[in-house]
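Everything below concerns the one structure shown next.
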Amino acid sequence: MKTTFIPIDYDYFDFEGRNYIKIIGRNKEGKRICVIDTCHIYLWAILEEKLSEKAVKEIREEIQKIKLNIKGRETQVEKTELHEKNFLGKKVNAIKIFATNYKDLHDIANRLDLKGIEKRRGYDLGFITHYILEKNIIPLNWHEISGEMLNNSNEFGGIDKSLDIDFCIKLESAKPLKDEKDSNDIDKTIFTPKVLAYDIEADEFRIGEGEIIMISLVSDKFKKVITCKKHEKTKKLDYVEYAESEKELLEKFVEYVKKISPDFLVGYFSDGFDLPYLKTRAEKNKIKLSLGLDDSQPRFFKGAVLTGKISGIVHIDLLKFIKTAYSQYMQSETLSLNEVANEFLGEGKKQFEIKHSSKLDENELERYYEYNLHDSVLTYGLFFKFWPDLIEFTRIMQEPIFNVSRNGMSSNVEDYIIHNLEKFNEIPERRPTYDEIGSRRKIEKYEGAFVLEPTPGLYENISLFDFTSSYGSVIVTYNLSKSTFISQEEIKKEKKKIEDSYSIKALNKEVHFSKKPGFFPEMLKEIIKKRKQYKEELKSSNLESKKEEDVLKRAKSNAFKLLANASYGYQGFFGARYYCLEAAAATAAFAKKSIKEAIEKIDKSGYKTIYSDTDSIAFLLQNKTKTQVKDFLKKLNSELPGIMELELEGFFKRGIWVTKRTGDIGAKKKYALINEEGKLKIRGFETVRRDWCKLARTLQNKVIKEVLEDGNEKRAMVSIKEVIKKIKKREIDIKQLIIKTQLKKPISEYKAISPHVIAAKKMLGKEMPIDPGALIEYYISETKTGKPGKKQLIREKVKLPDEKGEYDIEYYLNHQILPAVENIFQVFNIDIKEIANCKNQKKLCEF
DNA sequence: GACTGAACTATACC
DNA sequence: ACGGGTATAGTTCAGTC
């Protein structure tokens, strides 16, 4: 039979010693299809140079003899082939060694310690990656497939009988449907999946320690809260369904998931909370959480954090994807569902103070249902907000969405590389061993970016240039990568010449990179090119366009941008297959050189550079016009090597740079600009730091705004005086004075007991859940808890927000408000501390 | 017990 | 363990007098 097919979930199973892929997806009619297929399994033995034909033949014969008996399963090498391949850019002869089961590849590799074999590669990719590489059936791309229907046949042990699907196909052929570019048929590109969002509420925060009291489910035209906390008097809400016990609640949950049978089961922080909680409670109640299409229970994988996988239904934890794909652009201070939903959906969580269920009265219970339901409503909304990005990330990395949605950027870069190696006839590099990672991590850091020390002051008519995909274009321009790096040994052996190479001083030595294009820079060149292309296509369309085509384009543009930016970090990342510290260090060094040269040219051309950080330059227009600046930019670009390019970030009416708190030199990474429309761009100031109290932040923001709008400090002076008076009169609401600091590690590991650690300890005493990552809130009170007489530490005055007490006037004045504005007034030669504390001017003191 | 620089800690920038 | 280095600035710690 023939059908269309979009692969969603990839899994595999063994049958008669062989690996089979099991892909769950849908066709255009919305039918759920399971595709069974297999592919060749192999690894590579890279041969030493200049081996005789006879020697190669002998090695192949030797390999052919390998027989394994592992865990009672006997297998052997099926066949070998000799290929001309590339490994790290070098031409090599390699033996392709075919095996029956991918689980044997490691063991076969261990047996290949033969003379003449230099390296063994391609045994650590995992079967799913291997399959996608071999068969080119890329996740979330539409395919046209044909194959044999397995209708309750006994093939593969009757696998399809136990699967809740429409039909099961043993694949014969598959080809991708036409590229969306060649077609106006929009539903070839957009696929609207069936999604079920869920959220649980439990009596304890610790996984599995309390009862699950309700679960909300939201899908298309479907809203439900199942609960085992029924209040007799409560009028029944139409979406609430009662269960007699936690056990029945869990059973009903499983029933609903099975009935709705979504493509995606989506939660928020559900890898770390909801799913493991459900699992533990199901175990306690001695029932099976058979959520999988094959009735299997969720499987959990240990990584840095737990991940929960359900067979056939893709479990998505939206938090993880948002963290890697979007957090760098976000305004939210935390990635809590409330803040993230507010930012992307314009609507936050329902207000509700969570209590133990035994303490809830009927009104509260009803509000609890609403609260629980709303969390799923938000999660559902967020899923579709990010669906275009999820699709495009998946299509670009070519790995299953389950993985891509959880990957960090380094894994994304690596997936992209692995799936694009074939174009370069490259054999994949292996993962570093545990020991290699260890020694890489010990290596001293290399020198990074250049930051120009600004001269503090208020400036007018400023222009900002920055290098587009700065580090990425450096890598491409100077061909910096593991495969193009010319090592000391190679130079010594005179195997490679360094006269005609890209060279720079980095890591306290001269490093050289071949000019022959390497696959990594070539891939990156393509990434940057695509990013540019999609960005330009979008520019001609409406930026806010909601057309599906544009939405996908925006997602693509974003994915390629992130890939380009992450590729520098990737080469310096200790866990990378293509780790190359020299390349990373050289990238930073070349970038530093480029920006310094650009600054020099800018200054020589009648402008005045006032600040620069890594890839951006702020300079004064002096007497020049905007047109002149634009022409000058063109000239600069014509002189830049390779794909290096500067772009105009914008023109600004005014800008302020301040001094460091200690000493009177200019502070780096701290400035504020205002453009002609009056829009502010504030960097580094306390305003943008979440560990300063709201009062200090809003006041500083106001002061910056007024100073930049007016060009003088008069209005700002009035603002600050008002606030000082209010503080001294105790007119400030505690809410404005709450300091939020994140707990970065377990309380016991802190060497220095700072205020937020004390606050965390207090919370622990109140049985509040405190884990690393929690944002601790507190304020500084006047209460003294330390020994009398001794100099008081700030931590001795810490109080939790709901603890009664008076705020410490002195602290908030001298540790929050004044430090936040002091340096700004200093630009106008005003000592705001003296004014506030009435030093040296008792007669004039206004407070 | 007060003072001071170092250490520790969190957060931001690009 | 799950991108990198550069930078500011707070609070506490530990050594000195």
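Going by the structure tokens order, chains are called A, B, ..., each with residues numbered from 1, while ligands are numbered from 1 in the order shown.
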Within 10 Å of DT4 of chain B, counting only C-alpha atoms (C1' of nucleotides), which residues show up once you throw out same-chain ones fewer than 2 positions away? Write them as a CSV table (one decimal) with all heavy atoms, in the first residue's frame, please.
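Writing done, so here's around_14.csv:
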chain,number,residue,atom,x,y,z
B,2,DA,P,34.1,46.4,67.0
B,2,DA,OP1,33.2,47.5,67.5
B,2,DA,OP2,33.5,45.2,66.4
B,2,DA,O5',35.2,47.0,66.0
B,2,DA,C5',36.0,48.1,66.5
B,2,DA,C4',37.1,48.3,65.4
B,2,DA,O4',37.9,47.1,65.3
B,2,DA,C3',36.5,48.5,64.0
B,2,DA,O3',37.2,49.6,63.4
B,2,DA,C2',36.7,47.2,63.3
B,2,DA,C1',38.0,46.7,63.9
B,2,DA,N9,38.1,45.2,64.0
B,2,DA,C8,37.2,44.3,64.4
B,2,DA,N7,37.6,43.1,64.3
B,2,DA,C5,38.9,43.1,63.8
B,2,DA,C6,39.9,42.2,63.6
B,2,DA,N6,39.7,40.9,63.7
B,2,DA,N1,41.0,42.6,63.1
B,2,DA,C2,41.2,43.9,62.9
B,2,DA,N3,40.4,44.9,63.1
B,2,DA,C4,39.2,44.5,63.6
B,6,DA,P,44.3,40.9,47.9
B,6,DA,OP1,45.7,40.6,47.5
B,6,DA,OP2,43.4,41.6,47.1
B,6,DA,O5',43.6,39.5,48.3
B,6,DA,C5',44.1,38.7,49.4
B,6,DA,C4',43.1,37.5,49.6
B,6,DA,O4',41.9,38.0,50.2
B,6,DA,C3',42.7,36.8,48.3
B,6,DA,O3',42.8,35.4,48.6
B,6,DA,C2',41.3,37.3,48.0
B,6,DA,C1',40.8,37.6,49.4
B,6,DA,N9,39.8,38.6,49.5
B,6,DA,C8,39.9,39.9,49.0
B,6,DA,N7,38.8,40.6,49.2
B,6,DA,C5,38.0,39.8,50.0
B,6,DA,C6,36.7,40.0,50.6
B,6,DA,N6,36.0,41.2,50.5
B,6,DA,N1,36.2,39.0,51.3
B,6,DA,C2,36.9,37.8,51.3
B,6,DA,N3,38.1,37.5,50.8
B,6,DA,C4,38.6,38.6,50.2
C,15,DG,P,43.3,32.3,58.3
C,15,DG,OP1,43.8,31.1,57.5
C,15,DG,OP2,42.7,32.1,59.6
C,15,DG,O5',44.5,33.3,58.3
C,15,DG,C5',44.9,34.0,57.1
C,15,DG,C4',45.2,35.4,57.4
C,15,DG,O4',44.0,36.1,57.6
C,15,DG,C3',46.1,35.6,58.6
C,15,DG,O3',47.3,36.3,58.2
C,15,DG,C2',45.3,36.5,59.6
C,15,DG,C1',44.2,37.1,58.6
C,15,DG,N9,43.0,37.4,59.3
C,15,DG,C8,42.1,36.5,60.0
C,15,DG,N7,41.1,37.1,60.4
C,15,DG,C5,41.2,38.5,60.1
C,15,DG,C6,40.4,39.6,60.3
C,15,DG,O6,39.3,39.6,60.9
C,15,DG,N1,40.9,40.7,59.8
C,15,DG,C2,42.1,40.8,59.1
C,15,DG,N2,42.4,42.0,58.7
C,15,DG,N3,42.9,39.8,58.9
C,15,DG,C4,42.4,38.6,59.4
C,16,DT,P,48.4,36.5,59.4
C,16,DT,OP1,49.7,36.4,58.6
C,16,DT,OP2,48.2,35.7,60.6
C,16,DT,O5',48.2,38.1,59.7
C,16,DT,C5',48.3,39.1,58.7
C,16,DT,C4',48.0,40.4,59.3
C,16,DT,O4',46.6,40.4,59.7
C,16,DT,C3',48.7,40.7,60.6
C,16,DT,O3',49.7,41.8,60.4
C,16,DT,C2',47.6,41.2,61.6
C,16,DT,C1',46.4,41.2,60.8
C,16,DT,N1,45.2,40.7,61.5
C,16,DT,C2,44.2,41.5,61.8
C,16,DT,O2,44.2,42.7,61.5
C,16,DT,N3,43.1,41.0,62.5
C,16,DT,C4,43.0,39.6,62.9
C,16,DT,O4,42.0,39.3,63.5
C,16,DT,C5,44.1,38.8,62.5
C,16,DT,C7,44.1,37.3,62.9
C,16,DT,C6,45.1,39.3,61.9
Considering only C-alpha atoms (C1' of nucleotides), give me a table of residues in chain A that are at most 8 Å from chain B, with the closest atom pair and distance in Å for each, as a tab-separated table.
residue	atom	partner	partner_atom	distance
A:Asp613	CA	B:DC14	C1'	6.8
A:Thr614	CA	B:DC14	C1'	6.0
A:Asp615	CA	B:DC14	C1'	7.2
A:Lys669	CA	B:DC13	C1'	5.7
A:Arg683	CA	B:DC13	C1'	7.5
A:Gly684	CA	B:DA12	C1'	5.6
A:Arg689	CA	B:DT11	C1'	6.7
A:Arg690	CA	B:DT11	C1'	7.9
A:Asp691	CA	B:DT11	C1'	7.6
A:Thr741	CA	B:DA10	C1'	7.3
A:Gln742	CA	B:DA10	C1'	7.5
A:Lys751	CA	B:DC8	C1'	7.2
A:Ala752	CA	B:DC8	C1'	6.1
A:Lys790	CA	B:DG1	C1'	7.8
Please determine the contact residues of chain C with respect to chain A at a cut-off of 7 Å, counting only C-alpha atoms (C1' of nucleotides), and supply them as a VMD selection string. chain C and resid 1 to 7 11 to 12
Could those selected residues go to a file with N, CA and C atoms (P, O5', C5', C4', C3', O3' and C1' of nucleotides), as a PDB file, in the first residue's frame?
ATOM      1  P    DA C   1      29.548  15.849  36.468  1.00  0.00           P
ATOM      2  O5'  DA C   1      29.002  16.940  35.466  1.00  0.00           O
ATOM      3  C5'  DA C   1      29.775  18.059  35.152  1.00  0.00           C
ATOM      4  C4'  DA C   1      29.370  18.570  33.791  1.00  0.00           C
ATOM      5  C3'  DA C   1      27.978  19.183  33.789  1.00  0.00           C
ATOM      6  O3'  DA C   1      28.022  20.350  32.985  1.00  0.00           O
ATOM      7  C1'  DA C   1      28.080  17.432  32.192  1.00  0.00           C
ATOM      8  P    DC C   2      26.799  21.286  32.828  1.00  0.00           P
ATOM      9  O5'  DC C   2      26.292  20.871  31.366  1.00  0.00           O
ATOM     10  C5'  DC C   2      27.074  21.212  30.217  1.00  0.00           C
ATOM     11  C4'  DC C   2      26.362  20.700  28.989  1.00  0.00           C
ATOM     12  C3'  DC C   2      24.888  21.069  28.960  1.00  0.00           C
ATOM     13  O3'  DC C   2      24.629  22.274  28.263  1.00  0.00           O
ATOM     14  C1'  DC C   2      25.198  18.729  28.501  1.00  0.00           C
ATOM     15  P    DG C   3      24.970  23.060  27.046  1.00  0.00           P
ATOM     16  O5'  DG C   3      26.506  22.985  26.675  1.00  0.00           O
ATOM     17  C5'  DG C   3      27.407  23.912  27.250  1.00  0.00           C
ATOM     18  C4'  DG C   3      28.407  24.339  26.201  1.00  0.00           C
ATOM     19  C3'  DG C   3      29.267  25.492  26.702  1.00  0.00           C
ATOM     20  O3'  DG C   3      30.491  24.985  27.159  1.00  0.00           O
ATOM     21  C1'  DG C   3      28.156  26.135  24.727  1.00  0.00           C
ATOM     22  P    DG C   4      31.285  25.620  28.336  1.00  0.00           P
ATOM     23  O5'  DG C   4      32.029  26.828  27.617  1.00  0.00           O
ATOM     24  C5'  DG C   4      33.023  26.573  26.630  1.00  0.00           C
ATOM     25  C4'  DG C   4      33.516  27.908  26.121  1.00  0.00           C
ATOM     26  C3'  DG C   4      33.983  28.840  27.239  1.00  0.00           C
ATOM     27  O3'  DG C   4      35.377  28.697  27.452  1.00  0.00           O
ATOM     28  C1'  DG C   4      32.516  29.991  25.753  1.00  0.00           C
ATOM     29  P    DG C   5      36.018  29.244  28.828  1.00  0.00           P
ATOM     30  O5'  DG C   5      36.214  30.790  28.513  1.00  0.00           O
ATOM     31  C5'  DG C   5      37.158  31.204  27.527  1.00  0.00           C
ATOM     32  C4'  DG C   5      37.039  32.700  27.338  1.00  0.00           C
ATOM     33  C3'  DG C   5      37.555  33.521  28.524  1.00  0.00           C
ATOM     34  O3'  DG C   5      38.160  34.723  28.025  1.00  0.00           O
ATOM     35  C1'  DG C   5      35.278  33.990  28.190  1.00  0.00           C
ATOM     36  P    DT C   6      38.781  35.801  29.037  1.00  0.00           P
ATOM     37  O5'  DT C   6      37.566  36.830  29.198  1.00  0.00           O
ATOM     38  C5'  DT C   6      37.207  37.653  28.089  1.00  0.00           C
ATOM     39  C4'  DT C   6      36.399  38.836  28.572  1.00  0.00           C
ATOM     40  C3'  DT C   6      37.015  39.581  29.754  1.00  0.00           C
ATOM     41  O3'  DT C   6      36.918  40.970  29.479  1.00  0.00           O
ATOM     42  C1'  DT C   6      34.828  38.895  30.311  1.00  0.00           C
ATOM     43  P    DA C   7      37.597  41.995  30.532  1.00  0.00           P
ATOM     44  O5'  DA C   7      36.431  42.268  31.578  1.00  0.00           O
ATOM     45  C5'  DA C   7      35.281  42.965  31.164  1.00  0.00           C
ATOM     46  C4'  DA C   7      34.264  43.017  32.286  1.00  0.00           C
ATOM     47  C3'  DA C   7      34.808  43.432  33.653  1.00  0.00           C
ATOM     48  O3'  DA C   7      34.520  44.810  33.850  1.00  0.00           O
ATOM     49  C1'  DA C   7      33.107  41.740  33.792  1.00  0.00           C
ATOM     50  P    DT C  11      25.535  43.819  50.466  1.00  0.00           P
ATOM     51  O5'  DT C  11      26.214  42.439  50.863  1.00  0.00           O
ATOM     52  C5'  DT C  11      25.459  41.231  50.800  1.00  0.00           C
ATOM     53  C4'  DT C  11      26.293  40.099  51.351  1.00  0.00           C
ATOM     54  C3'  DT C  11      26.791  40.315  52.781  1.00  0.00           C
ATOM     55  O3'  DT C  11      26.324  39.249  53.591  1.00  0.00           O
ATOM     56  C1'  DT C  11      28.591  39.686  51.329  1.00  0.00           C
ATOM     57  P    DT C  12      26.783  39.140  55.110  1.00  0.00           P
ATOM     58  O5'  DT C  12      28.016  38.123  54.991  1.00  0.00           O
ATOM     59  C5'  DT C  12      27.826  36.900  54.276  1.00  0.00           C
ATOM     60  C4'  DT C  12      29.121  36.120  54.209  1.00  0.00           C
ATOM     61  C3'  DT C  12      29.768  35.843  55.570  1.00  0.00           C
ATOM     62  O3'  DT C  12      30.173  34.484  55.555  1.00  0.00           O
ATOM     63  C1'  DT C  12      31.333  36.890  54.130  1.00  0.00           C
TER      64       DT C  12
END
Option closest in space to DT8 of chain C, from A:Ala341, A:Val658, A:Ile528, A:Ile128 [counting only C-alpha atoms (C1' of nucleotides)]: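 Answer, going by the shortest atom-to-atom distance: A:Val658.
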What parts of segment 452-622 of chain A does DSSP call strand (DSSP E or B)? I'd like the answer as a VMD selection string. chain A and resid 457 to 467 485 to 486 502 to 506 509 to 513 608 to 613 616 to 620
Show me, as a tab-separated table (two decimals) with N, CA, C and O atoms, in the first residue's frame, the residues that have an atom within 12 Å of Ser748 of chain A when counting only C-alpha atoms (C1' of nucleotides), minus same-chain residues fewer than 3 positions from it.
chain	number	residue	atom	x	y	z
A	743	LEU	N	19.22	30.16	44.50
A	743	LEU	CA	20.05	29.17	45.18
A	743	LEU	C	20.68	28.30	44.09
A	743	LEU	O	19.99	27.64	43.34
A	744	LYS	N	22.00	28.31	44.02
A	744	LYS	CA	22.67	27.64	42.91
A	744	LYS	C	23.08	26.21	43.23
A	744	LYS	O	23.45	25.46	42.34
A	745	LYS	N	23.13	25.88	44.50
A	745	LYS	CA	23.56	24.53	44.88
A	745	LYS	C	22.89	24.15	46.19
A	745	LYS	O	22.28	25.00	46.84
A	751	LYS	N	30.03	27.63	51.16
A	751	LYS	CA	31.16	27.95	52.03
A	751	LYS	C	30.92	29.28	52.72
A	751	LYS	O	31.26	29.48	53.87
A	752	ALA	N	30.36	30.21	51.96
A	752	ALA	CA	30.04	31.52	52.53
A	752	ALA	C	28.53	31.57	52.75
A	752	ALA	O	27.76	31.33	51.82
A	753	ILE	N	28.14	31.86	53.98
A	753	ILE	CA	26.71	31.88	54.28
A	753	ILE	C	26.18	33.28	54.04
A	753	ILE	O	26.26	34.16	54.89
A	757	VAL	N	21.22	32.41	51.59
A	757	VAL	CA	21.34	31.07	52.16
A	757	VAL	C	20.58	31.00	53.48
A	757	VAL	O	19.89	30.02	53.77
A	758	ILE	N	20.69	32.09	54.26
A	758	ILE	CA	19.93	32.17	55.51
A	758	ILE	C	18.43	32.12	55.21
A	758	ILE	O	17.68	31.39	55.86
A	760	ALA	N	17.01	30.79	52.68
A	760	ALA	CA	16.68	29.44	52.23
A	760	ALA	C	16.55	28.50	53.43
A	760	ALA	O	15.64	27.67	53.49
A	761	LYS	N	17.44	28.67	54.40
A	761	LYS	CA	17.37	27.83	55.61
A	761	LYS	C	16.06	28.08	56.36
A	761	LYS	O	15.45	27.16	56.87
A	770	ILE	N	12.89	23.49	49.03
A	770	ILE	CA	14.07	24.25	48.61
A	770	ILE	C	15.03	23.33	47.86
A	770	ILE	O	15.60	22.41	48.43
A	771	ASP	N	15.17	23.60	46.60
A	771	ASP	CA	16.11	22.83	45.79
A	771	ASP	C	17.01	23.80	45.06
A	771	ASP	O	16.64	24.95	44.87
A	772	PRO	N	18.19	23.33	44.65
A	772	PRO	CA	19.02	24.20	43.81
A	772	PRO	C	18.20	24.71	42.63
A	772	PRO	O	17.44	23.95	42.03
